[in-house]
Number of protein chains: 2
Amino acid sequence: MLRDRIRCQSLQDRLMSADEAAAMIEDGMTVGMSGFTRAGEAKAVPMALAERARNHPLKITLMTGASLGNDLDKTLTEAHALARRMPFQSDPALRKAINAGEVMFIDQHLSETVEQLRTGQIGPVDIAVVEAVAITETGGIVPTTSIGNSASFAILAKKVIVELNLAQPVTLEGLHDVYIPSRRPSRMPIPVVSPESRVGLPYIPIEPEKIVGIVVSEKQDSSSTILPPDEDTRAIAGHLTDLLLHEVRHGRMGYDLQPLQAGIGTIANAVLHGFIDKPFHDLKMYSEVLQDSTFELIDAGKMSFASASSITLSAPMYAKVLPKLGEYKPHLLLRPQEISNHPEVIRRLGIIAINTALEFDLYGNVNSTHVGGTHMMNGIGGSGDFARNAFLSIFVTKSIAKNGAISSVVPMVSHVDHTEHDVDILITEQGLADLRGLAPRERASAVIKHCVHPDYRDQMQDYYDRALGRGGQTPHLIEEALSWHQSFREAGTMRLEGRPEKRTIRQA
Amino acid sequence: MLRDRIRCQSLQDRLMSADEAAAMIEDGMTVGMSGFTRAGEAKAVPMALAERARNHPLKITLMTGASLGNDLDKTLTEAHALARRMPFQSDPALRKAINAGEVMFIDQHLSETVEQLRTGQIGPVDIAVVEAVAITETGGIVPTTSIGNSASFAILAKKVIVELNLAQPVTLEGLHDVYIPSRRPSRMPIPVVSPESRVGLPYIPIEPEKIVGIVVSEKQDSSSTILPPDEDTRAIAGHLTDLLLHEVRHGRMGYDLQPLQAGIGTIANAVLHGFIDKPFHDLKMYSEVLQDSTFELIDAGKMSFASASSITLSAPMYAKVLPKLGEYKPHLLLRPQEISNHPEVIRRLGIIAINTALEFDLYGNVNSTHVGGTHMMNGIGGSGDFARNAFLSIFVTKSIAKNGAISSVVPMVSHVDHTEHDVDILITEQGLADLRGLAPRERASAVIKHCVHPDYRDQMQDYYDRALGRGGQTPHLIEEALSWHQSFREAGTMRLEGRPEKRTIRQA
């Protein structure tokens with residue numbers, strides 16, 4: 001059984017326990033681990049590392065593809081094993097440590113981490129720990145449910161530990177397309193010209209001698225907790241499909257649309273789910289993560305191909321998909337996140353990008369990351385890679401949060417991840433603002449009319465009217481622009497009514 | 001003489017006056033004109049159009065490559081001929097009209113305008129007006145000192161007016177490389193793999209029948225008013241060359257560096273000028289505009305090739321370069337701005353991008369456009385195309401402005417054009433902050449230590465110390481984050497000392 005998975009003769013004596021492997025990771029090291037959107041992360045070695053750190057304090061810089069599953073970020077955080085973390089996370093315990101300044105978090109566009117590693121601008125990676133379903137005859141590593149940054153970590157690291165996960169189906173082999181751009185400035189075009197383009201190898205090519213340990217594990221990926229569509233997400237999906245049907249009618253695209261990207265999470269998943277009973281067909285995805293909705297669309301005969309860097313499903317969908325993976329395989333491809341998120345490819349393919357905003361403002365600036373302008377939620381992830389280079393850059397959010405105490409549409413966002421230049425369409429359950437070709441003042445009118453919750457509309461109109469009095473390309477009352485956030489911080493609500501002293505922050 | 005310039009037999013009867021040509025432009029039309037950084041703009045027709053608008057009111061949407069010379073934006077503004085303007089401008093009269101809300105200004109990444117036109121998301125262009133040195137036998141238009149968006153305007157417009165400028169040297173012919181990406185989603189890689197790559201035609205290919213008029217002009221391009229290097233710009237250049245020499249010593253690049261981009265203006269020009277007496281050699285540019293410093297570096301034997309979308313020089317440099325253009329030609333190439341600024345090519349080539357900030361903040365966010373967060377200066381231009389995709393993204397500015405009443409380094413920028421994710425290096429005359437691989441709190445320490453002017457350092461440290469008390473990935477006092485801008489607005493200075501009531505904007 002194990003010989004079928006470790007096919008490289010010279011590596012069969014590298015089997016070791018997770019504890020032995022973790023013992024190679026020393027205080028101060030930079031470690032690159034597999035894992036992207038809670039899929040395909042190394043599981044046994046980081047767990048053993050946390051155990052070791054509890055007894056023998058050590059701190060590492062941990063790089064991954066994106067978020068880890070199996071509570072690994074939590075466990076490593078609680079073991080005080082993390083000094084630095086990049087480029088993404090989504091764990092509540094780690095988030096708390098980041099916001100307390102205990103872990104330095106470097107929040108990056110997901111396509112850029114390995115680009116900086118390759119040129120020595122960050123790093124180097126001391127050890128890579130990569131989950132695999134198999135090691136080929138030549139020492140190539142066959143990843144599992146994600147590629148993320150694993151390929152470049154393994155190629156650039158001094159040493160590699162492979163976690164052979166027997167719980168991951170061997171049918172995953174053949175799903176991966178590992179293409180690594182050469183070091184600049186002598187780089188050729190990336191030959192991906194459609195979601196289906198297969199341009200690389202089905203494994204990560206490294207020198208077998210670099211594999212210093214092979215650890216066997218049998219732990220499954222964490223499943224995602226996608227909430228079912230609700231009235232609001234159905235309304236958002238409705239506004240989006242109306243827009244796309246309008247584009248089709250105006251000859252800007254066919255019913256096969258253009259390749260779709262959707263950010264991770266309940267809202268984006270629900271929006272894609274909403275395509276099932278619409279007249280679209282032959283849809284394709286070029287995204288960073290494939291969620292339940294991808295497989296629902298494939299099952300419904302609506303989607304013909306999906307390319308991404310990982311597969312992250314709910315428990316019922318995993319139970320359905322994994323046994324039939326062989327049947328889905330002709331429709332799927334997993335790529336390194338550098339390629340799934342590469343500006344070159346995204347711009348070339350003409351992608352329709354659907355991402356979730358934490359808040360957006362009158363002029364179309366989007367905050368994806370910082371609660372109250374200060375506290376990290378998860379990270380920017382791939383939203384910037386896609387939004388900047390998309391054919392159509394769409395951001396969705398519910399118009400209010402916390403039972404209406406927060407308006408997701410504010411006069412000025414408290415943190416900017418995507419500027420007005422990178423946002424074409426804004427959608428809340430209230431409606432859709434099409435910002436294409438509009439100047440900021442026109443954007444403000446569209447946002448107030450279509451996106452703001454009725455409970456906040458007068459308050460927003462009042463702000464905008466008074467800001468207009470000051471003039472400018474982007475009218476603001478600079479002393480009041482962040483007052484809604486201040487009000488929420490101090491009084492627990494962004495609603496200023498009954499709080500007249502809050503209308504202008506500073507009384508003259 | 002004219003027959004040498006109009007080589008297409010069937011077009012020789014299309015000669016007309018500027019007034020006749022301008023009469024084809026009607027109220028409400030969208031007009032695409034040549035011109036990029038005050039180079040190669042159509043001159044006679046827009047002037048005649050302004051004259052016409054003064055007598056017969058009309059308003060158009062004006063698209064260009066970037067800024068126009070010869071006070072055309074001023075003249076058109078004063079004739080009230082502009083309803084909408086995109087994607088860039090730099091004229092004081094137009095700026096005033098924009099900020100008064102009289103002209104709707106759509107501020108765009110310079111690579112994106114024609115992408116949106118091509119897909120029908122904006123536009124269509126009714127008439128293109130393009131300056132040329134010649135029309136080929138097949139009706140191809142040979143541009144002059146810029147390409148900008150001229151090629152796509154001419155290809156996509158219903159009608160084309162050519163301004164044949166006899167004052168532009170015919171030796172410009174052969175300098176251009178017109179490559180137009182195909183419409184998505186069926187696009188091939190853009191084959192540019194080095195600044196020298198020649199991948200297109202030396203003229204704009206259009207159906208000759210679309211040329212409805214040819215107007216002869218003899219007006220020269222406006223020269224730029226580059227200020228000579230001063231103590232501060234020399235210090236900035238010194239910090240930058242120190243950094244680059246450090247990168248060379250650490251093996252991250254050779255003395256030929258990687259292709260350089262520099263934004264337009266005095267500071268960026270001075271910074272490049274500073275390379276002349278440094279041990280760099282065989283430098284190349286892949287930029288959007290070639291300024292005086294490019295030719296100084298070529299003359300000094302330091303630069304071997306420069307690719308851009310326009311040539312904009314000071315009067316003395318024009319006088320020197322134009323007569324010898326034949327000698328410079330083997331070292332130069334002009335491209336459509338979609339290609340000079342294309343994310344695909346910029347990321348591939350590994351560009352060192354040097355752009356000017358209006359202000360930046362503690363965490364590395366950059367404002368390139370909005371004075372006081374509200375009033376447009378010029379526009380984002382190509383800075384976003386380059387900063388996002390560069391190998392090394394550098395922003396430079398003097399640490400103070402208006403005799404110290406303004407600190408260019410602020411707690412939070414009042415408008416974000418480039419987020420923390422897109423900024424690697426910040427330089428003022430005070431020093432250089434290398435933000436690569438740093439978390440926001442580490443960035444803040446570096447910025448305070450190296451970039452803030454001594455007059456503002458204590459005030460910034462005080463803000464940051466108090467913000468730290470609130471915690472977060474990006475610590476801020478949200479009610480005070482924009483107080484420096486408010487103070488400047490109300491009291492004419494960002495210095496809060498002696499103004500204790502300003503420390504927190506709102507007294508509890």
# chains A, B, ... in the order shown; residues from 1 in each chain; ligands from 1
>>> interface_residues(of="chain B", to="chain A", cutoff="7 Å", atoms="only C-alpha atoms", output="MDAnalysis selection string")
chainID B and resid 98:101 104:106 108:109 119:122 184:185 187:189 191 193 252 258 343:344 348:350 374:376 416:417 419 421 436:439 471:476 478:479 482:483 486 505:506
>>> select_by_dssp(residues="region 190-289 of chain B", states="alpha helix (DSSP H)", output="VMD selection string")
chain B and resid 231 to 249 266 to 273
>>> residues_around(residues="Ile60 (chain A)", least_positions_apart="4", cutoff="9 Å", atoms="only C-alpha atoms", output="PyMOL selection string")
chain A and resi 25-31+81-85
>>> write_last_selection(atoms="N, CA and C atoms", output="tab-separated table (two decimals), in the first residue's frame")
chain	number	residue	atom	x	y	z
A	25	ILE	N	12.21	21.23	12.82
A	25	ILE	CA	11.83	22.65	12.73
A	25	ILE	C	12.33	23.36	13.98
A	26	GLU	N	13.20	24.34	13.77
A	26	GLU	CA	13.85	24.99	14.91
A	26	GLU	C	13.35	26.41	15.11
A	27	ASP	N	13.56	26.89	16.30
A	27	ASP	CA	13.21	28.26	16.65
A	27	ASP	C	13.78	29.24	15.62
A	28	GLY	N	12.96	30.16	15.15
A	28	GLY	CA	13.44	31.19	14.23
A	28	GLY	C	13.36	30.81	12.77
A	29	MET	N	13.00	29.56	12.49
A	29	MET	CA	12.94	29.14	11.08
A	29	MET	C	11.74	29.73	10.35
A	30	THR	N	11.87	29.79	9.02
A	30	THR	CA	10.73	30.10	8.16
A	30	THR	C	10.25	28.79	7.54
A	31	VAL	N	8.97	28.49	7.76
A	31	VAL	CA	8.41	27.21	7.32
A	31	VAL	C	7.29	27.49	6.31
A	81	ALA	N	3.62	29.35	19.00
A	81	ALA	CA	4.65	28.91	18.05
A	81	ALA	C	4.80	29.85	16.87
A	82	LEU	N	3.90	30.83	16.75
A	82	LEU	CA	3.93	31.71	15.57
A	82	LEU	C	4.50	33.09	15.91
A	83	ALA	N	5.60	33.44	15.28
A	83	ALA	CA	6.11	34.82	15.39
A	83	ALA	C	5.53	35.65	14.25
A	84	ARG	N	5.52	35.07	13.07
A	84	ARG	CA	5.07	35.77	11.88
A	84	ARG	C	4.22	34.82	11.05
A	85	ARG	N	3.24	35.39	10.33
A	85	ARG	CA	2.30	34.57	9.56
A	85	ARG	C	1.97	35.31	8.28
>>> residues_around(residues="Ala18 (chain A)", least_positions_apart="4", cutoff="8 Å", atoms="only C-alpha atoms", output="number ranges by chain")
A: 22, 44-45, 48, 215-216
>>> residues_around(residues="Leu362 (chain B)", least_positions_apart="4", cutoff="6 Å", atoms="only C-alpha atoms", output="ChimeraX atom specification")
/B:411,444,447
>>> write_last_selection(atoms="N, CA, C and O atoms", output="PDB file, in the first residue's frame")
ATOM      1  N   PRO B 411      -1.025  60.203   9.496  1.00  0.00           N
ATOM      2  CA  PRO B 411      -1.474  58.980  10.165  1.00  0.00           C
ATOM      3  C   PRO B 411      -2.278  58.070   9.231  1.00  0.00           C
ATOM      4  O   PRO B 411      -2.056  56.862   9.177  1.00  0.00           O
ATOM      5  N   ALA B 444       4.927  50.927  10.429  1.00  0.00           N
ATOM      6  CA  ALA B 444       4.778  52.224  11.085  1.00  0.00           C
ATOM      7  C   ALA B 444       6.091  52.660  11.725  1.00  0.00           C
ATOM      8  O   ALA B 444       6.504  53.819  11.590  1.00  0.00           O
ATOM      9  N   VAL B 447       8.467  53.781   8.994  1.00  0.00           N
ATOM     10  CA  VAL B 447       8.079  55.055   8.378  1.00  0.00           C
ATOM     11  C   VAL B 447       8.398  56.221   9.317  1.00  0.00           C
ATOM     12  O   VAL B 447       8.930  57.254   8.895  1.00  0.00           O
TER      13      VAL B 447
END
>>> select_by_dssp(residues="region 115-229 of chain A", states="strand (DSSP E)", output="MDAnalysis selection string")
chainID A and resid 127:132 134:135 141:142 159:165 211:217
>>> write_last_selection(atoms="N, CA and C atoms", output="mmCIF file, in the first residue's frame")
data_model
loop_
_atom_site.group_PDB
_atom_site.id
_atom_site.type_symbol
_atom_site.label_atom_id
_atom_site.label_comp_id
_atom_site.auth_asym_id
_atom_site.auth_seq_id
_atom_site.Cartn_x
_atom_site.Cartn_y
_atom_site.Cartn_z
ATOM 1 N N ILE A 127 12.249 25.136 5.712
ATOM 2 C CA ILE A 127 11.644 23.810 5.524
ATOM 3 C C ILE A 127 10.252 23.973 4.913
ATOM 4 N N ALA A 128 9.950 23.130 3.933
ATOM 5 C CA ALA A 128 8.590 23.066 3.399
ATOM 6 C C ALA A 128 7.936 21.787 3.916
ATOM 7 N N VAL A 129 6.673 21.885 4.291
ATOM 8 C CA VAL A 129 5.914 20.715 4.743
ATOM 9 C C VAL A 129 4.675 20.617 3.850
ATOM 10 N N VAL A 130 4.612 19.577 3.055
ATOM 11 C CA VAL A 130 3.614 19.513 1.985
ATOM 12 C C VAL A 130 2.819 18.211 2.072
ATOM 13 N N GLU A 131 1.506 18.344 2.081
ATOM 14 C CA GLU A 131 0.667 17.148 2.048
ATOM 15 C C GLU A 131 0.624 16.577 0.632
ATOM 16 N N ALA A 132 0.644 15.249 0.530
ATOM 17 C CA ALA A 132 0.663 14.595 -0.777
ATOM 18 C C ALA A 132 -0.187 13.337 -0.754
ATOM 19 N N ALA A 134 0.813 11.072 -3.123
ATOM 20 C CA ALA A 134 1.827 10.125 -3.597
ATOM 21 C C ALA A 134 3.121 10.869 -3.904
ATOM 22 N N ILE A 135 4.205 10.097 -3.983
ATOM 23 C CA ILE A 135 5.489 10.606 -4.476
ATOM 24 C C ILE A 135 5.836 9.767 -5.697
ATOM 25 N N ILE A 141 6.208 15.339 -6.086
ATOM 26 C CA ILE A 141 5.187 15.315 -5.037
ATOM 27 C C ILE A 141 3.818 15.551 -5.678
ATOM 28 N N VAL A 142 2.894 14.628 -5.466
ATOM 29 C CA VAL A 142 1.529 14.803 -5.978
ATOM 30 C C VAL A 142 0.678 15.394 -4.853
ATOM 31 N N LYS A 159 14.945 22.109 2.732
ATOM 32 C CA LYS A 159 14.518 20.737 3.050
ATOM 33 C C LYS A 159 13.000 20.631 2.887
ATOM 34 N N VAL A 160 12.551 19.431 2.554
ATOM 35 C CA VAL A 160 11.121 19.202 2.366
ATOM 36 C C VAL A 160 10.671 18.010 3.202
ATOM 37 N N ILE A 161 9.572 18.207 3.930
ATOM 38 C CA ILE A 161 8.915 17.094 4.623
ATOM 39 C C ILE A 161 7.600 16.826 3.885
ATOM 40 N N VAL A 162 7.372 15.587 3.518
ATOM 41 C CA VAL A 162 6.130 15.234 2.831
ATOM 42 C C VAL A 162 5.207 14.514 3.817
ATOM 43 N N GLU A 163 3.966 15.007 3.880
ATOM 44 C CA GLU A 163 2.961 14.282 4.653
ATOM 45 C C GLU A 163 2.101 13.493 3.694
ATOM 46 N N LEU A 164 2.241 12.186 3.734
ATOM 47 C CA LEU A 164 1.480 11.319 2.844
ATOM 48 C C LEU A 164 0.149 11.035 3.528
ATOM 49 N N ASN A 165 -0.925 11.589 2.970
ATOM 50 C CA ASN A 165 -2.224 11.456 3.646
ATOM 51 C C ASN A 165 -3.039 10.338 3.002
ATOM 52 N N ILE A 211 13.964 15.718 0.034
ATOM 53 C CA ILE A 211 12.915 15.184 0.911
ATOM 54 C C ILE A 211 13.590 14.503 2.104
ATOM 55 N N VAL A 212 13.549 15.171 3.239
ATOM 56 C CA VAL A 212 14.277 14.672 4.420
ATOM 57 C C VAL A 212 13.391 13.815 5.317
ATOM 58 N N GLY A 213 12.101 13.808 5.058
ATOM 59 C CA GLY A 213 11.231 12.991 5.887
ATOM 60 C C GLY A 213 9.884 12.786 5.233
ATOM 61 N N ILE A 214 9.308 11.618 5.439
ATOM 62 C CA ILE A 214 7.954 11.337 4.953
ATOM 63 C C ILE A 214 7.137 10.871 6.153
ATOM 64 N N VAL A 215 6.044 11.576 6.394
ATOM 65 C CA VAL A 215 5.196 11.276 7.548
ATOM 66 C C VAL A 215 3.847 10.807 7.012
ATOM 67 N N VAL A 216 3.351 9.712 7.560
ATOM 68 C CA VAL A 216 2.048 9.221 7.111
ATOM 69 C C VAL A 216 0.959 9.795 8.011
ATOM 70 N N SER A 217 -0.114 10.299 7.383
ATOM 71 C CA SER A 217 -1.238 10.791 8.186
ATOM 72 C C SER A 217 -2.527 10.269 7.579
#
>>> residues_around(residues="region 402-406 of chain A", least_positions_apart="6", cutoff="7 Å", atoms="only C-alpha atoms", output="list in words")
Gly492, Thr493, Met494 and Arg495 of chain A
>>> closest_atom_pairs(of="region 225-302 of chain B", to="region 315-321 of chain B", cutoff="12 Å", atoms="only C-alpha atoms", output="Markdown table")
| residue | atom | partner | partner_atom | distance |
| --- | --- | --- | --- | --- |
| B:Thr225 | CA | B:Ala315 | CA | 8.2 |
| B:Ile226 | CA | B:Ala315 | CA | 9.7 |
| B:Leu290 | CA | B:Met317 | CA | 11.5 |
| B:Gln291 | CA | B:Met317 | CA | 9.1 |
| B:Asp292 | CA | B:Met317 | CA | 6.4 |
| B:Ser293 | CA | B:Met317 | CA | 9.7 |
| B:Thr294 | CA | B:Met317 | CA | 10.6 |
| B:Phe295 | CA | B:Val321 | CA | 7.9 |
| B:Glu296 | CA | B:Met317 | CA | 9.1 |
| B:Ile298 | CA | B:Val321 | CA | 11.1 |
| B:Asp299 | CA | B:Val321 | CA | 10.3 |
>>> write_last_selection(atoms="N, CA and C atoms", output="JSON list (two decimals), in the first residue's frame")
[["chain", "number", "residue", "atom", "x", "y", "z"],
["B", 225, "THR", "N", 8.12, 71.44, -18.15],
["B", 225, "THR", "CA", 8.84, 72.38, -17.29],
["B", 225, "THR", "C", 9.40, 71.61, -16.11],
["B", 226, "ILE", "N", 10.45, 70.87, -16.40],
["B", 226, "ILE", "CA", 11.12, 70.08, -15.37],
["B", 226, "ILE", "C", 12.03, 71.00, -14.56],
["B", 290, "LEU", "N", 8.95, 58.98, -21.65],
["B", 290, "LEU", "CA", 10.40, 59.21, -21.61],
["B", 290, "LEU", "C", 10.62, 60.70, -21.41],
["B", 291, "GLN", "N", 11.31, 61.03, -20.34],
["B", 291, "GLN", "CA", 11.59, 62.43, -20.01],
["B", 291, "GLN", "C", 13.06, 62.74, -20.27],
["B", 292, "ASP", "N", 13.47, 63.94, -19.90],
["B", 292, "ASP", "CA", 14.86, 64.36, -20.14],
["B", 292, "ASP", "C", 15.87, 63.33, -19.64],
["B", 293, "SER", "N", 15.61, 62.79, -18.44],
["B", 293, "SER", "CA", 16.61, 61.92, -17.82],
["B", 293, "SER", "C", 16.91, 60.69, -18.67],
["B", 294, "THR", "N", 15.90, 60.20, -19.42],
["B", 294, "THR", "CA", 16.14, 59.04, -20.29],
["B", 294, "THR", "C", 17.24, 59.36, -21.30],
["B", 295, "PHE", "N", 17.14, 60.55, -21.90],
["B", 295, "PHE", "CA", 18.11, 60.90, -22.93],
["B", 295, "PHE", "C", 19.47, 61.26, -22.31],
["B", 296, "GLU", "N", 19.44, 61.80, -21.10],
["B", 296, "GLU", "CA", 20.71, 62.04, -20.40],
["B", 296, "GLU", "C", 21.42, 60.72, -20.13],
["B", 298, "ILE", "N", 20.98, 57.90, -21.83],
["B", 298, "ILE", "CA", 21.45, 57.34, -23.11],
["B", 298, "ILE", "C", 22.73, 58.05, -23.53],
["B", 299, "ASP", "N", 22.73, 59.38, -23.42],
["B", 299, "ASP", "CA", 23.92, 60.15, -23.82],
["B", 299, "ASP", "C", 25.13, 59.77, -22.98]]
>>> residues_around(residues="Arg457 (chain A)", least_positions_apart="6", cutoff="10 Å", atoms="only C-alpha atoms", output="PyMOL selection string")
chain A and resi 407+409+447-451+463
>>> write_last_selection(atoms="C-alpha atoms", output="PDB file, in the first residue's frame")
ATOM      1  CA  SER A 407     -24.280  49.972   7.722  1.00  0.00           C
ATOM      2  CA  VAL A 409     -22.237  51.253   3.069  1.00  0.00           C
ATOM      3  CA  VAL A 447     -24.812  53.926  -4.417  1.00  0.00           C
ATOM      4  CA  ILE A 448     -27.296  55.897  -2.325  1.00  0.00           C
ATOM      5  CA  LYS A 449     -30.150  55.037  -4.658  1.00  0.00           C
ATOM      6  CA  HIS A 450     -29.445  51.344  -5.088  1.00  0.00           C
ATOM      7  CA  CYS A 451     -27.292  49.966  -2.278  1.00  0.00           C
ATOM      8  CA  TYR A 463     -23.839  63.522   4.594  1.00  0.00           C
TER       9      TYR A 463
END
>>> closest_residue(among="B:Gln430, B:Ser304, B:Thr171, B:Thr312", to="Gly326 (chain B)", atoms="only C-alpha atoms")
B:Thr171
>>> atom_distance(atom1="CA of Ala390 (chain B)", atom2="CA of Ile339 (chain A)")
16.7 Å
>>> atom_distance(atom1="CA of Ala353 (chain B)", atom2="CA of Gly238 (chain B)")
16.2 Å
>>> closest_residue(among="A:Glu288, A:Glu218, A:Asp19, A:Asp434", to="Leu333 (chain A)", atoms="only C-alpha atoms")
A:Glu288
>>> closest_residue(among="B:Ser224, B:Ser408, B:Ser309, B:Thr145", to="Thr356 (chain B)", atoms="only C-alpha atoms")
B:Ser408
